[in-house]
Amino acid sequence: MASVNKVILVGNCGRDPEIRYLPSGQAVANVSVATSSRRKDKNSGEMIEDTQWHRVTFYDRLAEIAGEYVKKGRPIYVEGRLKYGKYTDQAGVEKNTVDIIATELQLLGGREGMGGGDEGGGSYSRPAAAPRAPAPAPRQAPAAAPARQSSGFDDMDDDIPF
């Protein structure tokens with residue numbers, strides 16, 4: 001049986017990305033992303049906002065793109081997978097970690113500080129190194145329709161029962 005480990009987040013960056021390079025030259029960027037949900041308290045009737053913080057790690061070209069364009073407070077869309085880990089802190093206590101290893105990044109909102117207008121941000125994925133190309137412009141219809149070739153179905157009835 002196949003398995004799936006997929007995470008999709010839409011949230012705001014809590015800090016600017018921290019970029020570092022491994023000895024192999026591989027770029028790694030870490031950022032925290034906040035997601036919020038709202039619910040109504042049963043007792044008081046007040047709206048309560050619950051914010052969750054997620055650690056997101058980008059690798060290779062996606063890390064370089066995140067380092068250049070992702071900024072604190074900026075809304076982003078991230079796709080990736082969960083990775084669980086453990087480490088021992090300075091006091092000798094073992095701690096559990098949960099990271100999201102990003103495979104796609106989309107910048108949301110306007111292009112503040114990017115020299116553009118109010119269009120939406122770019123979309124990036126791993127391993128592709130460049131943003132997705134814009135959709136091609138619609139083609140104009142040809143001036144004259146070519147002669148129709150027989151497909152072998154011309155003699156069939158048009159009484160389709162559905």
# chains A, B, ... in the order shown; residues from 1 in each chain; ligands from 1
call {"tool": "residues_around", "arguments": {"residues": "stretch 94-97 of chain A", "least_positions_apart": "4", "cutoff": "7 Å", "atoms": "only C-alpha atoms", "output": "list of chain:residue names"}}
result
A:Tyr84, A:Gly85, A:Lys86, A:Tyr87, A:Thr88, A:Asp89
call {"tool": "write_last_selection", "arguments": {"atoms": "C-alpha atoms", "output": "mmCIF file, in the first residue's frame"}}
result
data_model
loop_
_atom_site.group_PDB
_atom_site.id
_atom_site.type_symbol
_atom_site.label_atom_id
_atom_site.label_comp_id
_atom_site.auth_asym_id
_atom_site.auth_seq_id
_atom_site.Cartn_x
_atom_site.Cartn_y
_atom_site.Cartn_z
ATOM 1 C CA TYR A 84 10.450 14.202 12.814
ATOM 2 C CA GLY A 85 13.685 14.337 14.757
ATOM 3 C CA LYS A 86 15.268 14.386 18.216
ATOM 4 C CA TYR A 87 18.125 16.246 19.798
ATOM 5 C CA THR A 88 19.616 16.607 23.253
ATOM 6 C CA ASP A 89 19.739 20.138 24.662
#
call {"tool": "residues_around", "arguments": {"residues": "stretch 9-19 of chain A", "least_positions_apart": "4", "cutoff": "12 Å", "atoms": "only C-alpha atoms", "output": "PyMOL selection string"}}
result
chain A and resi 25-37+51-82+100-109
call {"tool": "write_last_selection", "arguments": {"atoms": "C-alpha atoms", "output": "PDB file, in the first residue's frame"}}
result
ATOM      1  CA  GLY A  25      27.823  23.841  -1.103  1.00  0.00           C
ATOM      2  CA  GLN A  26      24.126  23.005  -0.715  1.00  0.00           C
ATOM      3  CA  ALA A  27      22.025  25.998   0.371  1.00  0.00           C
ATOM      4  CA  VAL A  28      19.678  25.566   3.348  1.00  0.00           C
ATOM      5  CA  ALA A  29      17.145  28.168   4.523  1.00  0.00           C
ATOM      6  CA  ASN A  30      15.000  28.014   7.657  1.00  0.00           C
ATOM      7  CA  VAL A  31      11.931  30.129   8.359  1.00  0.00           C
ATOM      8  CA  SER A  32       9.040  30.015  10.797  1.00  0.00           C
ATOM      9  CA  VAL A  33       5.496  30.231   9.435  1.00  0.00           C
ATOM     10  CA  ALA A  34       2.456  31.140  11.531  1.00  0.00           C
ATOM     11  CA  THR A  35      -0.980  29.744  10.764  1.00  0.00           C
ATOM     12  CA  SER A  36      -4.063  30.899  12.663  1.00  0.00           C
ATOM     13  CA  SER A  37      -7.549  29.560  13.229  1.00  0.00           C
ATOM     14  CA  THR A  51      -1.806  30.509  16.268  1.00  0.00           C
ATOM     15  CA  GLN A  52       0.480  27.589  15.448  1.00  0.00           C
ATOM     16  CA  TRP A  53       4.152  28.041  14.523  1.00  0.00           C
ATOM     17  CA  HIS A  54       5.802  25.766  11.972  1.00  0.00           C
ATOM     18  CA  ARG A  55       9.501  25.335  11.216  1.00  0.00           C
ATOM     19  CA  VAL A  56      10.044  25.161   7.449  1.00  0.00           C
ATOM     20  CA  THR A  57      13.310  24.140   5.777  1.00  0.00           C
ATOM     21  CA  PHE A  58      14.148  24.872   2.136  1.00  0.00           C
ATOM     22  CA  TYR A  59      17.037  23.272   0.235  1.00  0.00           C
ATOM     23  CA  ASP A  60      19.112  24.072  -2.866  1.00  0.00           C
ATOM     24  CA  ARG A  61      17.736  26.658  -5.301  1.00  0.00           C
ATOM     25  CA  LEU A  62      14.463  26.885  -3.356  1.00  0.00           C
ATOM     26  CA  ALA A  63      16.509  27.966  -0.309  1.00  0.00           C
ATOM     27  CA  GLU A  64      18.186  30.710  -2.336  1.00  0.00           C
ATOM     28  CA  ILE A  65      14.835  31.929  -3.664  1.00  0.00           C
ATOM     29  CA  ALA A  66      13.357  31.919  -0.152  1.00  0.00           C
ATOM     30  CA  GLY A  67      16.357  33.860   1.128  1.00  0.00           C
ATOM     31  CA  GLU A  68      15.921  36.492  -1.549  1.00  0.00           C
ATOM     32  CA  TYR A  69      12.143  36.986  -1.574  1.00  0.00           C
ATOM     33  CA  VAL A  70      10.639  35.709   1.696  1.00  0.00           C
ATOM     34  CA  LYS A  71      10.480  38.394   4.383  1.00  0.00           C
ATOM     35  CA  LYS A  72       9.070  38.631   7.903  1.00  0.00           C
ATOM     36  CA  GLY A  73       5.295  39.168   7.872  1.00  0.00           C
ATOM     37  CA  ARG A  74       4.903  38.149   4.233  1.00  0.00           C
ATOM     38  CA  PRO A  75       2.166  35.613   3.406  1.00  0.00           C
ATOM     39  CA  ILE A  76       3.397  32.443   1.682  1.00  0.00           C
ATOM     40  CA  TYR A  77       2.102  29.094   0.472  1.00  0.00           C
ATOM     41  CA  VAL A  78       4.351  26.102   1.217  1.00  0.00           C
ATOM     42  CA  GLU A  79       4.043  22.458   0.218  1.00  0.00           C
ATOM     43  CA  GLY A  80       6.300  19.814   1.665  1.00  0.00           C
ATOM     44  CA  ARG A  81       6.613  16.818   3.923  1.00  0.00           C
ATOM     45  CA  LEU A  82       6.910  16.283   7.669  1.00  0.00           C
ATOM     46  CA  ILE A 100       8.463  20.756   7.224  1.00  0.00           C
ATOM     47  CA  ILE A 101      10.829  20.034   4.345  1.00  0.00           C
ATOM     48  CA  ALA A 102       9.516  22.315   1.604  1.00  0.00           C
ATOM     49  CA  THR A 103       9.189  21.160  -1.994  1.00  0.00           C
ATOM     50  CA  GLU A 104       7.165  24.127  -3.283  1.00  0.00           C
ATOM     51  CA  LEU A 105       6.937  27.802  -2.419  1.00  0.00           C
ATOM     52  CA  GLN A 106       4.517  30.426  -3.623  1.00  0.00           C
ATOM     53  CA  LEU A 107       4.762  34.064  -2.609  1.00  0.00           C
ATOM     54  CA  LEU A 108       1.325  35.492  -1.850  1.00  0.00           C
ATOM     55  CA  GLY A 109       0.060  39.057  -1.699  1.00  0.00           C
TER      56      GLY A 109
END
call {"tool": "atom_distance", "arguments": {"atom1": "atom CA of A:Met47", "atom2": "atom CA of A:Val7"}}
result
26.7 Å
call {"tool": "atom_distance", "arguments": {"atom1": "atom CA of A:Lys83", "atom2": "atom CA of A:Val4"}}
result
12.7 Å
call {"tool": "select_by_dssp", "arguments": {"residues": "stretch 3-118 of chain A", "states": "alpha helix (DSSP H)", "output": "MDAnalysis selection string"}}
result
chainID A and resid 60:69
call {"tool": "residues_around", "arguments": {"residues": "A:Arg39", "least_positions_apart": "5", "cutoff": "10 Å", "atoms": "only C-alpha atoms", "output": "mmCIF file with C-alpha atoms, in the first residue's frame"}}
result
data_model
loop_
_atom_site.group_PDB
_atom_site.id
_atom_site.type_symbol
_atom_site.label_atom_id
_atom_site.label_comp_id
_atom_site.auth_asym_id
_atom_site.auth_seq_id
_atom_site.Cartn_x
_atom_site.Cartn_y
_atom_site.Cartn_z
ATOM 1 C CA GLY A 45 -18.990 33.728 23.260
ATOM 2 C CA GLU A 46 -15.737 35.534 22.440
ATOM 3 C CA MET A 47 -13.735 34.728 19.326
ATOM 4 C CA ILE A 48 -10.464 33.016 20.233
ATOM 5 C CA GLU A 49 -7.561 32.993 17.786
ATOM 6 C CA ASP A 50 -5.207 30.033 17.942
#
call {"tool": "atom_distance", "arguments": {"atom1": "atom CA of A:Lys6", "atom2": "atom CA of A:Arg20"}}
result
25.0 Å
call {"tool": "select_by_dssp", "arguments": {"residues": "stretch 8-106 of chain A", "states": "strand (DSSP E or B)", "output": "short mmCIF file (atom, residue, chain, number, x, y, z; two decimals) with C-alpha atoms, in the first residue's frame"}}
result
data_model
loop_
_atom_site.label_atom_id
_atom_site.label_comp_id
_atom_site.auth_asym_id
_atom_site.auth_seq_id
_atom_site.Cartn_x
_atom_site.Cartn_y
_atom_site.Cartn_z
CA ILE A 8 0.26 22.39 2.81
CA LEU A 9 0.60 25.63 4.75
CA VAL A 10 -0.70 29.10 4.02
CA GLY A 11 0.54 31.53 6.61
CA ASN A 12 2.75 34.48 7.46
CA CYS A 13 6.51 34.38 7.94
CA GLU A 18 18.25 32.14 7.95
CA ILE A 19 20.44 30.92 5.11
CA ARG A 20 23.52 28.75 5.48
CA TYR A 21 25.58 26.57 3.18
CA ALA A 27 22.02 26.00 0.37
CA VAL A 28 19.68 25.57 3.35
CA ALA A 29 17.14 28.17 4.52
CA ASN A 30 15.00 28.01 7.66
CA VAL A 31 11.93 30.13 8.36
CA SER A 32 9.04 30.01 10.80
CA VAL A 33 5.50 30.23 9.44
CA ALA A 34 2.46 31.14 11.53
CA THR A 35 -0.98 29.74 10.76
CA SER A 36 -4.06 30.90 12.66
CA SER A 37 -7.55 29.56 13.23
CA ARG A 38 -10.48 31.20 14.94
CA ARG A 39 -13.21 29.67 17.05
CA LYS A 40 -15.95 30.88 19.32
CA MET A 47 -13.74 34.73 19.33
CA ILE A 48 -10.46 33.02 20.23
CA GLU A 49 -7.56 32.99 17.79
CA ASP A 50 -5.21 30.03 17.94
CA THR A 51 -1.81 30.51 16.27
CA GLN A 52 0.48 27.59 15.45
CA TRP A 53 4.15 28.04 14.52
CA HIS A 54 5.80 25.77 11.97
CA ARG A 55 9.50 25.33 11.22
CA VAL A 56 10.04 25.16 7.45
CA THR A 57 13.31 24.14 5.78
CA PHE A 58 14.15 24.87 2.14
CA TYR A 59 17.04 23.27 0.24
CA PRO A 75 2.17 35.61 3.41
CA ILE A 76 3.40 32.44 1.68
CA TYR A 77 2.10 29.09 0.47
CA VAL A 78 4.35 26.10 1.22
CA GLU A 79 4.04 22.46 0.22
CA GLY A 80 6.30 19.81 1.66
CA ARG A 81 6.61 16.82 3.92
CA LEU A 82 6.91 16.28 7.67
CA LYS A 83 10.22 15.24 9.17
CA TYR A 84 10.45 14.20 12.81
CA GLY A 85 13.69 14.34 14.76
CA LYS A 86 15.27 14.39 18.22
CA TYR A 87 18.13 16.25 19.80
CA THR A 88 19.62 16.61 23.25
CA GLU A 94 16.04 14.91 24.88
CA LYS A 95 13.70 17.10 22.77
CA ASN A 96 11.48 16.17 19.82
CA THR A 97 11.31 18.29 16.67
CA VAL A 98 8.94 18.53 13.73
CA ASP A 99 10.13 20.22 10.56
CA ILE A 100 8.46 20.76 7.22
CA ILE A 101 10.83 20.03 4.34
CA ALA A 102 9.52 22.31 1.60
CA THR A 103 9.19 21.16 -1.99
CA GLU A 104 7.17 24.13 -3.28
CA LEU A 105 6.94 27.80 -2.42
CA GLN A 106 4.52 30.43 -3.62
#
